[in-house]
Structures are given as structure tokens and as C-alpha cells.
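Single-structure report; data block below.
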Amino acid sequence: MRAGSPPRVETTGRRIRLAYLLIALLIGGLGAGMFAPTAAAQGEHYVVATDITFAPFEFQDEQGNFVGIDIDLLNEIAADQGFSVTFKPLGFDAALQAVQANQVDAVIAGMSITDERKAVFDFSDPYFESGVQMAVLDTNETITSYEDLRGQRVAVKNGTEGAEFAESIKDEYGFSTVYFADSASMYDEVRTGNSVAIFDDYPVLNYGIAQGNGFKTVTPKEQGANYGFAVNKGQNAELLTMFNAGLQNLRDSGRYDEIIDSYLGEGAAVSDNSFLGLLKSTFPLLMAGLKMTMILTVVSIAVALLLGVIFGLMRVSRSLWLRAIGTTYVDIFRGTPLLVQAFFIYFGIPAAMGFQMTAMTAGIITLSLNAGAYMTEIVRGGIQSVDKGQMEAARSLGVGYLPTMRKVILPQAIRTMIPSYINQFVITLKDTSILSVIGIAELTQTGRIIIARNFQSFNMWLIIGIVYFIVIMALTKLSDRLEKRLVQ
Amino acid sequence: MNQLAPETAAAGPDGNVKIRIEGLRKSFGDLVVLDGIDTTISEGEVVCVIGPSGSGKSTFLRCLNKLEDITGGKVVVDEFDLTDKKVDLDKVRQHIGMVFQHFNLFPHMTVLQNITLAPLLTKKMDKETAEKRALDLLDQVGLAEKAHVKPATLSGGQKQRVAIARALAMNPSIMLFDEATSALDPEMVGDVLEVLRRLAREGMTMVVVTHEMGFAREVASRVIFMADGNIVEDDTPDEVFGNPKHPRLREFLSKVL
């Protein structure tokens, strides 16, 4: 039940879907001459954004399947209504932005229906009634009511109703709040003793407690808001209609209660959460994440090298304009955080220009441009390290500037660039972890997804840290050897 | 080749003039390095430029193929004005070979590749012809057996002879030598000077900035003495070395001879 930041209204049309509808209308009209509106939706495919760390509504099970109340409900509604769904786990804030940017068709992410949100989204009928509840560590005997929070810190998650509720009572009970981007960090804050309690949605809390996360509830749940499925204002109305109809069918058949019980009932199996047990059960997922990390790194650093050579040549050019372009590029991408660049490229540009791009595309563009700026400086340094006499000798023979660069200067510059290039490779590899914020399932994101399910943050981050370390050490050693061979 | 008398330098336009320098000025910021140079270099001349360090002789030489931006005045090579922006400098430079004090061989290439690089890139020459010509030139400078080694394995004198072969591979009509023997061990100097001597005998137009007074006296058809960015004396070697007129030249010669 996230209260959430009120997002700005986007009216960008979905041109592709519109074109599709037009074609369908044309074919339907010309063909049979009878065109039923419901028939148009048959087999329709939708992309739905969701959170990643919001068990029991959405999370990955040990096999890497995306499950949860939201997922099961929407899948069964889709089956009931005859459409298909692809889920995009983006994280809550990112999911909302993706709907507004028309990157996706809808969002289902344990989102409460609020008046603020109604201004920018169209909501379905409520599909779950929630409420905020407080939780403390199982071993904590001193906090039994809100009064006991006086002078203490309380952890909450950005944009949630839990946060809103805590804010509304913190002056009355005299505690302070600290904010986190995901549930796992919020729980860890309390585990490490920095805060004493959390406020979160009761189904989330109770699912975690059932999973053995070491927390307990000591106060009753507050009266809460309703969760709704949402589409961008004025769009995908047929999807909302189908959702409502399907939800009603599930409630009537009793399937709705079965789904809820399967997550909030008492049968939640606790798995082997020892270091080795976790390593074994999560290894395939982690390797898939590592593969994604490597793809991102290798593609981005290759593009970055190209950008680095192009802009590096501009940086050493005699033309004031070319130098200015090179300098501007470097300054922009070295002068802003990678995180902001990722958000700007993934959400900002598509929203402003009215097109879509995948998180992977946005991720590669972001990393390439960012690493390209650093590569530009590496290339510039490499070129400037080559003796001026080399350029003079080639030019005095009548060889042009660019052929001289290509045949004489760059081949020598590369030798001095290799150590910096390897260093940049390692930095870019580590930077891929930042792309977890736009929902790319690389190694760090995989870790967050796993922790959202099993709450084993210490062991999991240890495992993930070790995986990064091994890969980076192996690469460093490999490139040391390569360097020695090349420099000879 | 017709050896021209020194007075031709002051003569007017002539079919045999290769380089015409008019009021050439060069400054680096406030520092004036060349302060209005006027002279001509004629076909087949071997002009040695001498003078104390800082006199501007290397800068003067580097202006002749515009490796230095020219601050003022004109340098006209074969009727191409180097200060004219429309002139294709690369084309002009293909006719002016240059040899540097520090050789400036390309260290990542073999000797053969060093020599064939420019012909392959700038002339539509096939690789076989270019290599054949390169081997021929290497043979002339006495380094035929070094074709396939990297420059790092050569001695200074060998490097400089490769550099000369590299410049000659473009079939230049003018050769510029910028203190070509200054960075060499004394026992290496002779081999390099021998190559220069042979070029001079074959009639190559040469401008040689040098500290080798013996060489200048023996080989030059004309000697230019520079000081403080000006040409102070410009005459035959016999006159410059045997009958120096200007006190600056006398002072200089008393130190180096």
C-alpha cells in the first residue's frame, strides 16, 4: 500500500497498438462484416510491470519462476478472459514510471488505490484489502506498543502506506523514521539494530514471518486501503474491463481464496538457509545473473572503446569545435551519476519522445556512454603519450592526419592504454550492478530478488560478493598476462 | 645537375628555384624565433645551415615543409605557397623528404614497413613494387639485411640510415636534414654523413642543419650562418669558413673549430 509520489500525467499515444487496432478494424470490417468488440481482445497480449521485492505479491521462487498473489491472480484472470500476459519486474517506483511512459500496458504491484494515483492511473476493482502493521524482531521484548517507540528509529520503505502511516503518528509517539528502497534493506536495518521496528503491509509482514525472517507482530493491523490493478489514464480500458470480470469469476468460483491462502496460510515451507544450502539452491539463478552481467559488460565496453576512439580523436583535434564536442561529452557523463543517467535514458527520454526501449537496450546505452566518456580520456592520454616526432615523421612524408592516427599513433597509443582499459573494464563490470535499478536481471538484481523471497541477506550478499570477486580477480589476472604479452 | 653559384640566392625568379622564402617570421607567443628571413634554395644546391643553438635554424628548416605554423611571410615550394590554405600540404610534403635528429622511426613496425608505409598510403603503389624499392634503398644505405627487424634492435647510425631510406622512398626532389647526426655516437656519424655525401653527389637539393663544420665545408655549395632569428652570413663554404666577415660568425667559428 504505497502512498507513492504523484507522477506527472503522460498523454503520449501508443502508436503501435493504435495501428494494430486500425488494421484489426479494417480486416474485421471488410471481412465478415460483423465486428464484436470483445473479439478484438481475443489472444491480446499485454506487458505488465510489477515489483521485484514484494513477497507474497510478487517474487521469484527457487526455480526462478515469478510467483506471488499478484502474479497468480493476474495469470488466472488472463486464462479466464483469454488474453496473455508478460510480467516485467521493475521495482515499484520504476513500474509506475514505466506505465506512465507507456513502456508497459499496466501495473500490478500491491498498489493501493489512492485519490492522488487516480489522477494519473485508471484502477480496477479492488482485488485485495490490506492494512499497515508494525513488526519488531522476535527477540525484542521491550516494544509491545506504539508508545514504546519513543526516542527510537523506525524503518520504512519509500512511498509505501507503511511509511505514510509511520509519518502520521511519529510526532504523537516521538520516534524518527528512516527510508529504504526495498523491503530487504528495511528488514536488515532492524536486524543490525539501527532501527527497532518496521511498518509495512500486513500480508508482507506475515509472509516474511512465516518464512522465518525472525520478526513478529505485536500490534493489531491498522485499517487499510485496497489494492488495485492500474493502467495509464485513459488507456487500455478493455484490459481493465477484462480484469474486473475475471476477478469476479475467481471470487465466485472460490479460486481467489485458494490463491490467497496458498501464500498467507500456514503451510509456507522453510528451505535450507545455510550458506552452502543457499549456494546450492540459488546457483543456477546466480549464474544466469552473472551471464547477464557479463553480456552487459562486454557489449558496453566494446561500444565504449569505439566511442572513446571517436571522441578521443576529437579531444586531440586542432579544431576548436571538435575539441568542444569531445569535452562536452566527457564532462556530461563524468559529471553526473551513472544512476541518474540510467533513469534519464530508460524513463526520461522514452517518456519525452514517445517511444519504448527495453531495459537491456537502455542499460547498454547508459553503460556504453558512461564508460565511453572515461575511455575518451584514456584514448586522449594514450595519444598524447606518443612522441610528437611520430606524427611529424609521418606528416613530413605526406601522409594525412587520419591515416597517420590510424597507422602510426593509435597502434602505439593502445600499448599505453591497455592497463587503463583493463581497469575501465573492471569498473564497468562493477557498474552493471547499478543497472539493477531499471530491472535488468544481472547479478545484483538477481541477489535482490532472491533475498526478497528468503530474507537471507547476510549469506546472499556474501555469496554475490564472492562471485563478483572471483570473476574480477580472474579477469584481472588474465589481462595481466595479456598485457605482458602485448607490451613486449 | 647544375651547381648554382651562391649569388643566385639573391637572384630573381628563376626556373631552377626550388624554395623561395620571403620575409619568413615565426614566433612562439612573445618569443620571436625567426625575424624576417629572405632567401632561395635552388635545384641541386646543398645548403648547410649553421649557427649557435637557439639561433632558429631548426625552426627555419621546419618551416620549409610547414611542420611549424608560419607566423608571417611566405614559403613557396615549386610554386606552391605553403601559407595558402588552399594548397594541399600533404601533396607538397610528398616531394620534400625530412630526416630528424631523433630519427622518429615507427617503433611498432619493421624497417621494411617503416619505409613502405608512406608510398603504400599516398601513392597507388602495389605492395610488391613498394617493397622492392624499399629493399633497393636499404641496400644503398648498407642495411639490406635489416629489412625485417624492428628499429629498436638497430644502432643509432643504422636507425638514421633507415630514416633516410624512408624519406627517399617517396622520391623527393628536396631533402631536409635536421641535425641528423647530433644524436649519434661519434663512430656512427661517418656512415650517415657518407650517405649524405652520396646524395649530394647525385644532385639532390638539400638543406642541412648541422654542427658538422667539416662536412659543411666539404660538401656544401652554400653555407648559411644564422643568429638570433636572422641570416647573418650566406656565402660559399670557402668564404664562410676562410674569410668570415661578421663578428658573430667569427665568434661562433672560434668556439666550434
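Chain labels follow the order of the C-alpha cells: the first chain is A, the next B, and so on; residue numbering restarts at 1 in every chain, and ligands are counted from 1 in their shown order.
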
Chain B contacts on chain A, only C-alpha atoms, 12 Å, as an MDAnalysis selection string:
chainID A and resid 386:404 406:415 486:488

As a PyMOL selection string, which residues of region 76-165 of chain A does DSSP assign to strand (DSSP E or B)? chain A and resi 84-89+106-107+112+121-123+128-129+132-137+153-157

- prompt: Can you tell me, as a PyMOL selection string, what residues are no more than 9 Å from region 239-253 of chain B when counting only C-alpha atoms, ignoring any on the same chain fewer than 6 positions away?
  reply: chain B and resi 51-52+213+217+222-227+232-233

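Distance annotation: of B:Ile174, B:Ala180, B:Ala220, B:Val209, the residue with the minimal separation from Val17 (chain B) is B:Ile174; atom set is only C-alpha atoms.
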
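Rounded to one decimal, CA of Ser281 (chain A) and CA of Tyr468 (chain A) lie 18.2 Å from each other.
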
For Thr110 (chain B): contacts at 9 Å, only C-alpha atoms, fewer than 5 positions along chain excluded, given as a list in words = Ile115, Lys146, Ala147, His148, Val149, Lys150 and Pro151 of chain B

Output C-alpha atoms of each residue in that selection to a file, as a PDB file, in the first residue's frame.
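What ended up in out33.pdb:
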```
ATOM      1  CA  ILE B 115      59.876   2.542 -45.473  1.00  0.00           C
ATOM      2  CA  LYS B 146      67.903  -5.403 -41.570  1.00  0.00           C
ATOM      3  CA  ALA B 147      64.669  -5.249 -43.580  1.00  0.00           C
ATOM      4  CA  HIS B 148      62.651  -7.436 -41.240  1.00  0.00           C
ATOM      5  CA  VAL B 149      63.803  -6.307 -37.809  1.00  0.00           C
ATOM      6  CA  LYS B 150      62.213  -3.711 -35.555  1.00  0.00           C
ATOM      7  CA  PRO B 151      64.008  -0.357 -35.202  1.00  0.00           C
TER       8      PRO B 151
END
```

Quick one: residues within 9 Å of region 358-363 of chain A, only C-alpha atoms, excluding same-chain residues fewer than 5 positions away - as a PDB file with N, CA and C atoms, in the first residue's frame?
```pdb
ATOM      1  N   GLN A 103       5.812   2.416 -21.435  1.00  0.00           N
ATOM      2  CA  GLN A 103       6.768   1.329 -21.691  1.00  0.00           C
ATOM      3  C   GLN A 103       6.069  -0.012 -21.511  1.00  0.00           C
ATOM      4  N   LEU A 296      26.287  -7.503 -20.526  1.00  0.00           N
ATOM      5  CA  LEU A 296      26.225  -6.044 -20.392  1.00  0.00           C
ATOM      6  C   LEU A 296      27.626  -5.441 -20.443  1.00  0.00           C
ATOM      7  N   SER A 300      28.989  -3.306 -23.655  1.00  0.00           N
ATOM      8  CA  SER A 300      29.161  -1.889 -23.336  1.00  0.00           C
ATOM      9  C   SER A 300      30.608  -1.443 -23.493  1.00  0.00           C
ATOM     10  N   ALA A 342      21.083   6.380 -16.028  1.00  0.00           N
ATOM     11  CA  ALA A 342      20.249   5.208 -16.320  1.00  0.00           C
ATOM     12  C   ALA A 342      18.773   5.577 -16.275  1.00  0.00           C
ATOM     13  N   PHE A 343      18.363   6.306 -15.260  1.00  0.00           N
ATOM     14  CA  PHE A 343      16.963   6.717 -15.148  1.00  0.00           C
ATOM     15  C   PHE A 343      16.582   7.626 -16.308  1.00  0.00           C
ATOM     16  N   ILE A 345      17.890   7.850 -19.298  1.00  0.00           N
ATOM     17  CA  ILE A 345      17.840   7.177 -20.592  1.00  0.00           C
ATOM     18  C   ILE A 345      16.670   6.194 -20.657  1.00  0.00           C
ATOM     19  N   TYR A 346      16.407   5.504 -19.552  1.00  0.00           N
ATOM     20  CA  TYR A 346      15.350   4.485 -19.588  1.00  0.00           C
ATOM     21  C   TYR A 346      13.956   5.092 -19.449  1.00  0.00           C
ATOM     22  N   SER A 368      27.516   2.184 -22.016  1.00  0.00           N
ATOM     23  CA  SER A 368      28.436   2.491 -23.111  1.00  0.00           C
ATOM     24  C   SER A 368      28.805   3.968 -23.100  1.00  0.00           C
ATOM     25  N   THR A 432      27.690  -2.410 -13.689  1.00  0.00           N
ATOM     26  CA  THR A 432      26.463  -3.070 -14.145  1.00  0.00           C
ATOM     27  C   THR A 432      25.498  -3.270 -12.983  1.00  0.00           C
ATOM     28  N   LEU A 435      22.644  -0.992 -12.709  1.00  0.00           N
ATOM     29  CA  LEU A 435      21.530  -1.147 -13.634  1.00  0.00           C
ATOM     30  C   LEU A 435      20.414  -2.004 -13.051  1.00  0.00           C
ATOM     31  N   ILE A 438      16.943  -0.382 -12.954  1.00  0.00           N
ATOM     32  CA  ILE A 438      15.950  -0.353 -14.025  1.00  0.00           C
ATOM     33  C   ILE A 438      15.493  -1.769 -14.357  1.00  0.00           C
ATOM     34  N   GLY A 439      15.741  -2.688 -13.426  1.00  0.00           N
ATOM     35  CA  GLY A 439      15.118  -4.006 -13.526  1.00  0.00           C
ATOM     36  C   GLY A 439      15.830  -5.009 -14.397  1.00  0.00           C
ATOM     37  N   ILE A 440      17.081  -4.756 -14.766  1.00  0.00           N
ATOM     38  CA  ILE A 440      17.820  -5.753 -15.532  1.00  0.00           C
ATOM     39  C   ILE A 440      18.273  -6.854 -14.571  1.00  0.00           C
TER      40      ILE A 440
END
```

Could you pull out the residues in region 17-236 of chain B that DSSP calls helix (DSSP H, G or I) from the backbone, as a count of residues only?
80

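Note that the spacing between CA of Ile434 (chain A) and CA of Met375 (chain A) amounts to 19.1 Å.
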
Find the residues near Arg25 (chain B): any atom within 8 Å, counting only C-alpha atoms, skip ones fewer than 2 places away on the same chain, and give them as a list in words.
Gly23, Ser27, Val32, Val33, Leu34, Asp35, Gly36, Ile37, Ile70, Thr71, Gly72 and Gly73 of chain B

Those residues you just picked out, can you put them in a file as a PDB file, in the first residue's frame with C-alpha atoms?
```pdb
ATOM      1  CA  GLY B  23      60.041  37.686 -45.053  1.00  0.00           C
ATOM      2  CA  SER B  27      57.168  33.391 -33.066  1.00  0.00           C
ATOM      3  CA  VAL B  32      60.431  35.757 -31.865  1.00  0.00           C
ATOM      4  CA  VAL B  33      62.366  32.821 -33.330  1.00  0.00           C
ATOM      5  CA  LEU B  34      62.570  33.856 -36.979  1.00  0.00           C
ATOM      6  CA  ASP B  35      62.690  37.558 -37.682  1.00  0.00           C
ATOM      7  CA  GLY B  36      62.109  38.003 -41.411  1.00  0.00           C
ATOM      8  CA  ILE B  37      64.155  35.533 -43.456  1.00  0.00           C
ATOM      9  CA  ILE B  70      54.202  30.142 -40.179  1.00  0.00           C
ATOM     10  CA  THR B  71      53.568  33.416 -38.354  1.00  0.00           C
ATOM     11  CA  GLY B  72      54.296  35.724 -41.268  1.00  0.00           C
ATOM     12  CA  GLY B  73      55.866  35.896 -44.702  1.00  0.00           C
TER      13      GLY B  73
END
```

Non-local contacts of Thr192 (chain A) (12 Å; only C-alpha atoms; under 4 positions in same chain excluded) as a PyMOL selection string: chain A and resi 137+155+185-188+196-197+457-458

Write the residues of the preceding selection, restricted to all heavy atoms, as an mmCIF file, in the first residue's frame.
```cif
data_model
loop_
_atom_site.group_PDB
_atom_site.id
_atom_site.type_symbol
_atom_site.label_atom_id
_atom_site.label_comp_id
_atom_site.auth_asym_id
_atom_site.auth_seq_id
_atom_site.Cartn_x
_atom_site.Cartn_y
_atom_site.Cartn_z
ATOM 1 N N LEU A 137 11.744 -7.326 15.951
ATOM 2 C CA LEU A 137 12.484 -8.583 15.982
ATOM 3 C C LEU A 137 11.850 -9.529 17.002
ATOM 4 O O LEU A 137 11.358 -9.105 18.043
ATOM 5 C CB LEU A 137 13.940 -8.340 16.360
ATOM 6 C CG LEU A 137 14.898 -7.932 15.243
ATOM 7 C CD1 LEU A 137 16.299 -7.769 15.801
ATOM 8 C CD2 LEU A 137 14.902 -8.961 14.124
ATOM 9 N N ALA A 155 12.147 1.829 10.618
ATOM 10 C CA ALA A 155 12.487 1.700 9.201
ATOM 11 C C ALA A 155 11.235 1.538 8.355
ATOM 12 O O ALA A 155 10.329 0.780 8.720
ATOM 13 C CB ALA A 155 13.403 0.488 9.000
ATOM 14 N N SER A 185 16.282 -4.310 2.544
ATOM 15 C CA SER A 185 17.132 -3.361 3.267
ATOM 16 C C SER A 185 16.455 -2.887 4.542
ATOM 17 O O SER A 185 17.102 -2.682 5.569
ATOM 18 C CB SER A 185 17.434 -2.148 2.392
ATOM 19 O OG SER A 185 17.845 -2.548 1.139
ATOM 20 N N MET A 186 15.139 -2.737 4.463
ATOM 21 C CA MET A 186 14.375 -2.279 5.630
ATOM 22 C C MET A 186 14.475 -3.303 6.767
ATOM 23 O O MET A 186 14.704 -2.955 7.923
ATOM 24 C CB MET A 186 12.924 -2.078 5.195
ATOM 25 C CG MET A 186 11.975 -1.642 6.281
ATOM 26 S SD MET A 186 10.355 -1.280 5.582
ATOM 27 C CE MET A 186 9.818 -2.908 5.082
ATOM 28 N N TYR A 187 14.341 -4.583 6.412
ATOM 29 C CA TYR A 187 14.472 -5.627 7.436
ATOM 30 C C TYR A 187 15.890 -5.649 8.017
ATOM 31 O O TYR A 187 16.077 -5.798 9.220
ATOM 32 C CB TYR A 187 14.148 -7.004 6.841
ATOM 33 C CG TYR A 187 12.674 -7.224 6.598
ATOM 34 C CD1 TYR A 187 12.161 -7.281 5.317
ATOM 35 C CD2 TYR A 187 11.790 -7.382 7.685
ATOM 36 C CE1 TYR A 187 10.806 -7.467 5.099
ATOM 37 C CE2 TYR A 187 10.436 -7.573 7.465
ATOM 38 C CZ TYR A 187 9.939 -7.616 6.170
ATOM 39 O OH TYR A 187 8.617 -7.798 5.967
ATOM 40 N N ASP A 188 16.867 -5.502 7.125
ATOM 41 C CA ASP A 188 18.255 -5.543 7.595
ATOM 42 C C ASP A 188 18.564 -4.403 8.550
ATOM 43 O O ASP A 188 19.358 -4.558 9.480
ATOM 44 C CB ASP A 188 19.219 -5.496 6.400
ATOM 45 C CG ASP A 188 19.276 -6.827 5.688
ATOM 46 O OD1 ASP A 188 18.884 -7.827 6.328
ATOM 47 O OD2 ASP A 188 19.698 -6.867 4.519
ATOM 48 N N VAL A 196 14.354 -0.056 15.438
ATOM 49 C CA VAL A 196 13.760 -1.092 16.298
ATOM 50 C C VAL A 196 12.536 -1.737 15.677
ATOM 51 O O VAL A 196 12.142 -2.844 16.083
ATOM 52 C CB VAL A 196 13.375 -0.520 17.685
ATOM 53 C CG1 VAL A 196 14.636 -0.149 18.459
ATOM 54 C CG2 VAL A 196 12.435 0.660 17.560
ATOM 55 N N ALA A 197 11.897 -1.059 14.728
ATOM 56 C CA ALA A 197 10.652 -1.609 14.197
ATOM 57 C C ALA A 197 10.477 -1.203 12.749
ATOM 58 O O ALA A 197 11.146 -0.293 12.248
ATOM 59 C CB ALA A 197 9.467 -1.103 15.019
ATOM 60 N N SER A 457 19.755 -12.021 3.878
ATOM 61 C CA SER A 457 20.603 -11.027 3.235
ATOM 62 C C SER A 457 22.086 -11.233 3.516
ATOM 63 O O SER A 457 22.915 -11.053 2.634
ATOM 64 C CB SER A 457 20.169 -9.617 3.602
ATOM 65 O OG SER A 457 20.314 -9.425 4.972
ATOM 66 N N PHE A 458 22.460 -11.623 4.726
ATOM 67 C CA PHE A 458 23.884 -11.765 5.017
ATOM 68 C C PHE A 458 24.537 -12.796 4.104
ATOM 69 O O PHE A 458 25.496 -12.495 3.386
ATOM 70 C CB PHE A 458 24.119 -12.147 6.483
ATOM 71 C CG PHE A 458 25.581 -12.316 6.813
ATOM 72 C CD1 PHE A 458 26.372 -11.207 7.078
ATOM 73 C CD2 PHE A 458 26.180 -13.572 6.806
ATOM 74 C CE1 PHE A 458 27.723 -11.340 7.356
ATOM 75 C CE2 PHE A 458 27.535 -13.721 7.071
ATOM 76 C CZ PHE A 458 28.300 -12.605 7.357
#
```

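As for CA of Leu338 (chain A) and CA of Ile364 (chain A), they are spaced 12.0 Å apart.
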